[in-house]
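Below is run-v9.cif, which holds mmCIF, C-alpha atoms.
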```
data_work
#
loop_
_atom_site.label_atom_id
_atom_site.label_comp_id
_atom_site.auth_asym_id
_atom_site.auth_seq_id
_atom_site.Cartn_x
_atom_site.Cartn_y
_atom_site.Cartn_z
CA MET A 1 -3.48 4.51 14.00
CA THR A 2 -0.31 3.25 15.65
CA GLY A 3 1.83 0.23 14.92
CA SER A 4 0.01 -1.79 17.58
CA ASP A 5 -3.27 -1.29 15.68
CA ALA A 6 -1.93 -2.82 12.48
CA SER A 7 -3.53 -5.92 11.00
CA PRO A 8 -1.61 -9.24 11.20
CA SER A 9 -1.08 -9.06 7.42
CA PHE A 10 -0.26 -6.20 5.09
CA ARG A 11 -2.90 -5.62 2.40
CA LEU A 12 -1.59 -3.95 -0.73
CA ALA A 13 -3.92 -2.76 -3.48
CA TYR A 14 -2.72 -2.09 -7.01
CA VAL A 15 -4.35 -0.82 -10.18
CA PRO A 16 -4.06 -2.49 -13.62
CA GLY A 17 -0.73 -1.81 -15.30
CA VAL A 18 1.28 -1.71 -12.07
CA THR A 19 3.61 -4.65 -11.41
CA PRO A 20 4.40 -4.83 -7.66
CA ALA A 21 6.34 -8.11 -7.83
CA LYS A 22 9.81 -6.75 -6.96
CA TRP A 23 8.55 -4.89 -3.88
CA VAL A 24 6.54 -7.90 -2.73
CA ARG A 25 9.64 -10.10 -3.04
CA ILE A 26 11.69 -7.76 -0.84
CA TRP A 27 8.86 -7.62 1.72
CA ASN A 28 8.75 -11.42 1.93
CA GLU A 29 12.52 -11.55 2.42
CA ARG A 30 12.60 -8.92 5.17
CA LEU A 31 9.31 -9.61 6.94
CA PRO A 32 8.57 -13.32 6.49
CA ASP A 33 6.34 -13.38 9.58
CA THR A 34 3.97 -10.74 8.16
CA PRO A 35 2.05 -12.03 5.13
CA LEU A 36 1.45 -9.56 2.28
CA THR A 37 -1.90 -9.84 0.53
CA LEU A 38 -2.24 -8.39 -3.00
CA LEU A 39 -5.55 -6.87 -4.07
CA GLN A 40 -5.99 -5.91 -7.73
CA VAL A 41 -8.61 -3.20 -8.09
CA PRO A 42 -9.88 -0.99 -10.96
CA ALA A 43 -8.25 2.44 -10.93
CA ALA A 44 -11.56 4.18 -10.21
CA GLU A 45 -12.18 2.02 -7.10
CA ALA A 46 -8.71 2.10 -5.53
CA TYR A 47 -9.32 5.08 -3.24
CA ASP A 48 -12.63 3.72 -1.96
CA LEU A 49 -10.81 0.53 -0.97
CA LEU A 50 -8.22 2.54 0.96
CA ARG A 51 -10.84 4.73 2.65
CA SER A 52 -12.82 1.73 3.83
CA GLY A 53 -9.75 0.20 5.46
CA ASP A 54 -9.89 -2.91 3.28
CA ALA A 55 -6.35 -2.13 2.08
CA ASP A 56 -3.45 -0.64 4.04
CA ALA A 57 -1.77 1.03 1.06
CA GLY A 58 -1.98 0.91 -2.69
CA PHE A 59 -0.32 1.66 -6.00
CA VAL A 60 -2.73 4.14 -7.57
CA ARG A 61 -2.86 6.64 -10.41
CA LEU A 62 -2.59 10.33 -9.62
CA PRO A 63 -4.16 12.69 -8.72
CA VAL A 64 -5.04 11.89 -5.09
CA ASP A 65 -7.05 13.74 -2.47
CA ARG A 66 -4.20 15.24 -0.43
CA THR A 67 -6.56 16.27 2.37
CA TYR A 68 -7.02 12.60 3.26
CA PHE A 69 -4.27 10.58 1.57
CA SER A 70 -0.50 10.66 1.67
CA ALA A 71 1.22 9.78 -1.59
CA ILE A 72 4.72 9.15 -2.91
CA PRO A 73 4.88 9.68 -6.70
CA LEU A 74 6.92 6.90 -8.29
CA TYR A 75 6.99 7.34 -12.06
CA THR A 76 5.18 8.83 -15.04
CA GLU A 77 4.23 6.61 -17.95
CA THR A 78 4.55 7.17 -21.66
CA THR A 79 1.17 7.49 -23.39
CA VAL A 80 0.69 5.33 -26.50
CA VAL A 81 -1.93 4.65 -29.14
CA VAL A 82 -2.92 1.00 -29.62
CA ILE A 83 -3.49 0.11 -33.27
CA PRO A 84 -3.67 -2.95 -35.55
CA LYS A 85 -0.26 -3.99 -36.86
CA ASP A 86 -1.22 -3.17 -40.43
CA HIS A 87 -2.48 0.34 -39.55
CA LEU A 88 -0.88 3.31 -41.34
CA ILE A 89 0.30 4.77 -37.99
CA ALA A 90 2.41 1.65 -37.38
CA ALA A 91 4.91 2.95 -39.96
CA ALA A 92 5.79 5.92 -37.68
CA ASP A 93 8.10 5.86 -34.63
CA GLU A 94 5.83 8.30 -32.76
CA ILE A 95 2.85 10.52 -33.47
CA SER A 96 1.04 13.61 -32.14
CA VAL A 97 -2.57 14.00 -31.10
CA GLU A 98 -3.19 15.83 -34.38
CA ASP A 99 -2.34 12.65 -36.30
CA LEU A 100 -5.43 11.06 -34.74
CA ALA A 101 -7.81 13.70 -36.07
CA ASP A 102 -9.39 11.35 -38.66
CA GLU A 103 -9.38 8.27 -36.44
CA VAL A 104 -12.21 6.89 -34.29
CA VAL A 105 -10.63 7.11 -30.84
CA LEU A 106 -12.21 4.84 -28.24
CA HIS A 107 -12.77 6.30 -24.77
CA PRO A 108 -13.55 3.54 -22.23
CA LEU A 109 -15.34 4.33 -18.98
CA ASP A 110 -12.24 3.35 -16.98
CA ASP A 111 -9.94 5.70 -18.95
CA THR A 112 -7.09 6.93 -16.72
CA LEU A 113 -6.02 9.92 -18.87
CA ASP A 114 -7.21 13.43 -18.03
CA TRP A 115 -8.21 14.82 -21.42
CA GLU A 116 -9.15 18.48 -21.83
CA SER A 117 -10.72 17.56 -25.16
CA LEU A 118 -10.85 14.09 -26.66
CA PRO A 119 -8.85 13.54 -29.84
CA GLY A 120 -10.16 12.18 -33.12
CA GLU A 121 -13.73 11.16 -33.93
CA PRO A 122 -15.92 9.84 -31.09
CA ALA A 123 -17.04 6.21 -31.16
CA PHE A 124 -20.73 5.32 -31.34
CA GLU A 125 -20.60 4.35 -27.65
CA ARG A 126 -18.03 4.16 -24.87
CA PRO A 127 -16.66 0.70 -24.04
CA ALA A 128 -17.09 -0.30 -20.40
CA THR A 129 -13.44 -1.22 -19.83
CA THR A 130 -10.02 -0.90 -21.42
CA ALA A 131 -10.10 -4.64 -22.10
CA ASP A 132 -13.34 -4.18 -24.08
CA ALA A 133 -11.77 -1.30 -26.02
CA ILE A 134 -8.79 -3.49 -26.95
CA GLU A 135 -11.17 -6.01 -28.47
CA LEU A 136 -12.75 -3.25 -30.57
CA VAL A 137 -9.32 -2.11 -31.78
CA ALA A 138 -8.57 -5.68 -32.87
CA ALA A 139 -11.89 -5.70 -34.75
CA GLY A 140 -10.86 -2.58 -36.67
CA ILE A 141 -13.51 -0.33 -35.08
CA GLY A 142 -11.11 2.32 -33.73
CA VAL A 143 -7.87 3.07 -31.91
CA LEU A 144 -7.17 3.47 -28.21
CA VAL A 145 -4.89 5.89 -26.32
CA VAL A 146 -3.66 4.53 -22.97
CA PRO A 147 -0.64 4.49 -20.62
CA GLN A 148 2.02 2.16 -21.99
CA SER A 149 1.67 -0.33 -19.12
CA LEU A 150 -1.96 -0.95 -20.08
CA ALA A 151 -1.00 -1.53 -23.71
CA ARG A 152 1.47 -4.15 -22.48
CA LEU A 153 -1.03 -5.67 -20.07
CA HIS A 154 -3.54 -6.22 -22.90
CA HIS A 155 -0.95 -7.25 -25.47
CA ARG A 156 -2.15 -9.14 -28.55
CA ARG A 157 -0.12 -10.45 -31.46
CA ASP A 158 -2.28 -8.63 -33.98
CA LEU A 159 -1.89 -5.25 -32.25
CA THR A 160 0.99 -2.83 -31.65
CA TYR A 161 1.38 0.65 -30.20
CA ARG A 162 3.25 3.92 -30.80
CA PRO A 163 4.05 6.83 -28.43
CA VAL A 164 1.83 9.92 -28.59
CA THR A 165 4.17 12.80 -27.78
CA ASP A 166 1.67 15.48 -26.69
CA ALA A 167 -1.07 13.40 -25.04
CA PRO A 168 -1.86 13.60 -21.31
CA VAL A 169 0.23 11.27 -19.17
CA SER A 170 -0.56 9.07 -16.19
CA ALA A 171 1.58 8.99 -13.03
CA VAL A 172 1.70 6.13 -10.53
CA ALA A 173 2.10 6.66 -6.78
CA LEU A 174 2.13 4.71 -3.54
CA SER A 175 -0.74 6.07 -1.43
CA TRP A 176 -2.36 5.40 1.95
CA PRO A 177 -4.70 7.19 4.40
CA GLU A 178 -2.54 9.62 6.33
CA GLU A 179 -4.25 8.89 9.64
CA ARG A 180 -3.43 5.18 9.24
CA THR A 181 0.33 5.40 8.78
CA THR A 182 1.18 2.17 10.61
CA ASP A 183 4.59 0.63 11.17
CA GLN A 184 3.78 -1.79 8.35
CA VAL A 185 3.11 1.11 6.00
CA GLU A 186 6.42 2.65 7.07
CA ASP A 187 8.14 -0.67 6.34
CA PHE A 188 6.68 -0.77 2.85
CA ILE A 189 7.57 2.88 2.19
CA GLY A 190 11.16 2.01 3.06
CA ILE A 191 11.13 -0.86 0.57
CA VAL A 192 9.67 1.26 -2.23
CA ARG A 193 12.21 4.02 -1.56
CA GLY A 194 15.08 1.57 -1.66
CA ARG A 195 16.12 1.81 1.97
CA THR A 196 18.38 -0.90 3.29
CA VAL A 197 17.26 -3.40 5.90
CA ASN A 198 19.24 -1.51 8.57
CA SER A 199 17.60 1.83 7.86
CA THR A 200 15.87 3.45 10.86
CA ARG A 201 12.97 4.84 8.76
CA GLY A 202 12.94 7.85 11.05
CA ARG A 203 12.37 5.85 14.24
CA ALA A 204 14.54 6.48 17.30
CA SER A 205 17.69 4.43 17.07
CA ALA A 206 20.12 3.30 19.78
CA PRO A 207 23.13 5.58 20.28
CA ALA A 208 26.24 4.47 18.48
CA ALA A 209 28.77 2.59 20.64
CA ALA A 210 31.94 4.49 21.52
CA PRO A 211 35.19 3.23 19.94
CA ALA A 212 37.04 0.63 22.00
CA ASP A 213 40.00 2.96 22.71
CA ALA A 214 37.66 5.69 23.98
CA ARG A 215 36.04 3.29 26.44
CA ARG A 216 39.31 2.38 28.17
CA LYS A 217 39.94 4.15 31.48
CA PRO A 218 43.45 5.13 32.65
CA ALA A 219 45.02 2.67 35.09
CA ALA A 220 44.92 3.63 38.77
CA GLY A 221 47.74 5.98 39.80
CA LYS A 222 48.64 6.89 36.21
CA SER A 223 47.99 10.22 34.65
CA ALA A 224 46.21 10.15 31.35
CA GLY A 225 48.48 11.05 28.44
CA LYS A 226 51.83 10.44 30.30
CA PRO A 227 54.05 7.44 29.64
CA ALA A 228 54.15 4.86 32.39
CA GLY A 229 57.24 4.70 34.69
CA LYS A 230 58.05 8.45 34.85
CA SER A 231 57.41 10.56 37.90
CA ALA A 232 55.08 13.49 37.37
CA GLY A 233 57.22 15.81 39.58
CA LYS A 234 60.67 15.01 38.13
CA SER A 235 62.59 17.88 36.57
CA PRO A 236 63.34 17.21 32.92
CA ARG A 237 67.08 18.10 33.26
CA SER A 238 67.92 16.61 36.70
CA GLY A 239 69.69 13.30 36.97
CA SER A 240 68.00 12.46 40.25
CA GLY A 241 64.70 12.83 41.91
CA ARG A 242 65.88 16.02 43.76
CA PRO A 243 65.12 19.24 41.92
CA GLN A 244 68.12 21.23 40.77
CA GLY A 245 69.16 24.06 43.09
CA ALA A 246 67.96 22.33 46.22
CA GLY A 247 69.98 23.27 49.34
CA GLY A 248 70.95 19.77 50.46
CA PRO A 249 74.48 18.83 51.86
CA LYS A 250 77.32 18.32 49.35
CA ARG A 251 79.04 14.97 48.98
CA ALA A 252 82.82 14.61 49.74
CA GLY A 253 85.02 14.70 46.66
CA GLY A 254 82.53 16.73 44.77
CA ALA A 255 82.80 18.01 41.25
CA LYS A 256 86.04 19.59 39.98
CA GLY A 257 84.39 22.92 39.72
CA ALA A 258 84.58 23.22 43.53
CA LYS A 259 88.47 23.56 43.51
CA ARG A 260 88.39 26.61 41.32
CA GLY A 261 87.27 28.71 44.28
CA LYS A 262 90.39 27.77 46.54
CA PRO A 263 92.89 30.73 47.11
CA ARG A 264 96.55 30.39 45.95
CA ARG A 265 99.59 30.67 48.32
CA ARG A 266 102.08 33.43 47.68
CA SER A 267 105.70 32.33 47.34
#
```
Representation of the structure as structure tokens:
Amino acid sequence: MTGSDASPSFRLAYVPGVTPAKWVRIWNERLPDTPLTLLQVPAAEAYDLLRSGDADAGFVRLPVDRTYFSAIPLYTETTVVVIPKDHLIAAADEISVEDLADEVVLHPLDDTLDWESLPGEPAFERPATTADAIELVAAGIGVLVVPQSLARLHHRRDLTYRPVTDAPVSAVALSWPEERTTDQVEDFIGIVRGRTVNSTRGRASAPAAAPADARRKPAAGKSAGKPAGKSAGKSPRSGSGRPQGAGGPKRAGGAKGAKRGKPRRRS
């Protein structure tokens, strides 16, 4: 898809935990004539939205299907365990997965962490969403391990969280269908990467103008690089325009050196 095929607005999807506000603000400042529409979507549905063309690009959680999507990794989040404030774990600055061995660890259906084996004791059933799991943590039914942004998104006064040093992590990326890399997508990539408003983003740019001195042409009849008012053929040591050694007639009363050649009379 080319720039001419782009929609009149730019549709940006984002998954829970991502805060796109700063990038949206820059877009609105630089491209006020192209509205940006935000679409919040569950992490598991983000790629379907991009495939269908209902969003132009999106902030998603890795991994992505690189055979279809382009992606720019942005950051990796700290993984934390969400617990009641009076929980024993709250006394620690950070914990390991092993510290959860005796805990009921909730595993919601929309979990974004890629576990090889789930920590702790399994819950009786899996909550449908992270929001549902947070409610169960508040009720004292278990604990929840999530990316830190989700712990902040679902913040409650009666809950807190601590980093889990050896848990899987979640990375966030900007992604879009590679075959639909429109000019609008390129514009947004530039914003996310911190390019200035004058950046070419790889497009062909006009050649730089030559300096003013280089554009000036020598005046007619003057040789470039020679001071004005001096003849190009003048000998550097001659006092006149005639080259030294020329065979022209001598003037009367010439130089004193001419008398030295006159013979003396004998007495």
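From CA of Tyr75 in chain A back to CA of Arg180 in chain A, the distance works out to 23.8 Å.
The environment of Thr76 in chain A within 7 Å, counting all atoms listed in the file and disregarding residues fewer than 5 places along the same chain, consists of Val169, Ser170, Ala171 and Val172 of chain A.
As for CA of Val105 in chain A and CA of Ala139 in chain A, they are spaced 13.5 Å apart.
With CA of His155 in chain A on one side and CA of Pro84 in chain A on the other, the separation reads 11.3 Å.
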- Message: Can you translate the PyMOL selection byres ((chain A and resi 174-177) around 10) into the concrete residues it hits in this file, as an MDAnalysis selection string?
- Response: chainID A and resid 12:14 46:47 50:53 55:62 64:74 172:173 178:182 185 188:189 192
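Against this structure, the PyMOL selection byres ((chain A and resi 122-135) around 6) ends up with Val104, Val105, Leu106, His107, Pro108, Leu109, Asp110, Glu121, Leu136, Val137 and Ala138 of chain A.
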- Task: Any chance you could resolve the PyMOL selection byres ((chain A and resi 161) around 7) against this file and give the residues as a PyMOL selection string?
- Result: chain A and resi 80-83+160+162-163
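Among the candidates A:Ala92, A:Thr196, A:Ser9, A:Val145, the residue lying nearest to Asp33 in chain A is A:Ser9 (atoms considered: all atoms listed in the file).
The residue that comes closest to Thr112 in chain A, out of A:Leu100, A:Glu77, A:Val24, A:Glu94 and on the basis of only C-alpha atoms, is A:Glu77.
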As a PDB file with C-alpha atoms, in the coordinates of the input, please: the residues near Glu116 in chain A (cut-off 12 Å, only C-alpha atoms, same-chain neighbours under 3 positions excluded).
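Result written to part.pdb:
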```
ATOM      1  CA  LEU A 113      -6.020   9.920 -18.870  1.00  0.00           C
ATOM      2  CA  PRO A 119      -8.850  13.540 -29.840  1.00  0.00           C
ATOM      3  CA  ALA A 167      -1.070  13.400 -25.040  1.00  0.00           C
ATOM      4  CA  PRO A 168      -1.860  13.600 -21.310  1.00  0.00           C
TER       5      PRO A 168
END
```
- From the list A:Leu31, A:Pro8, A:Val15, A:Leu39, the nearest residue to Ile191 in chain A using all atoms listed in the file is A:Leu31
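With distances taken over all atoms listed in the file, A:Lys85 is the one residue among A:Gly140, A:Ser96, A:Lys85, A:Asn198 lying closest to Arg157 in chain A.
For the choices A:Leu144, A:Leu159, A:Val197, A:Leu38, the atom-to-atom distance to Arg11 in chain A is smallest for A:Leu38 when using only C-alpha atoms.
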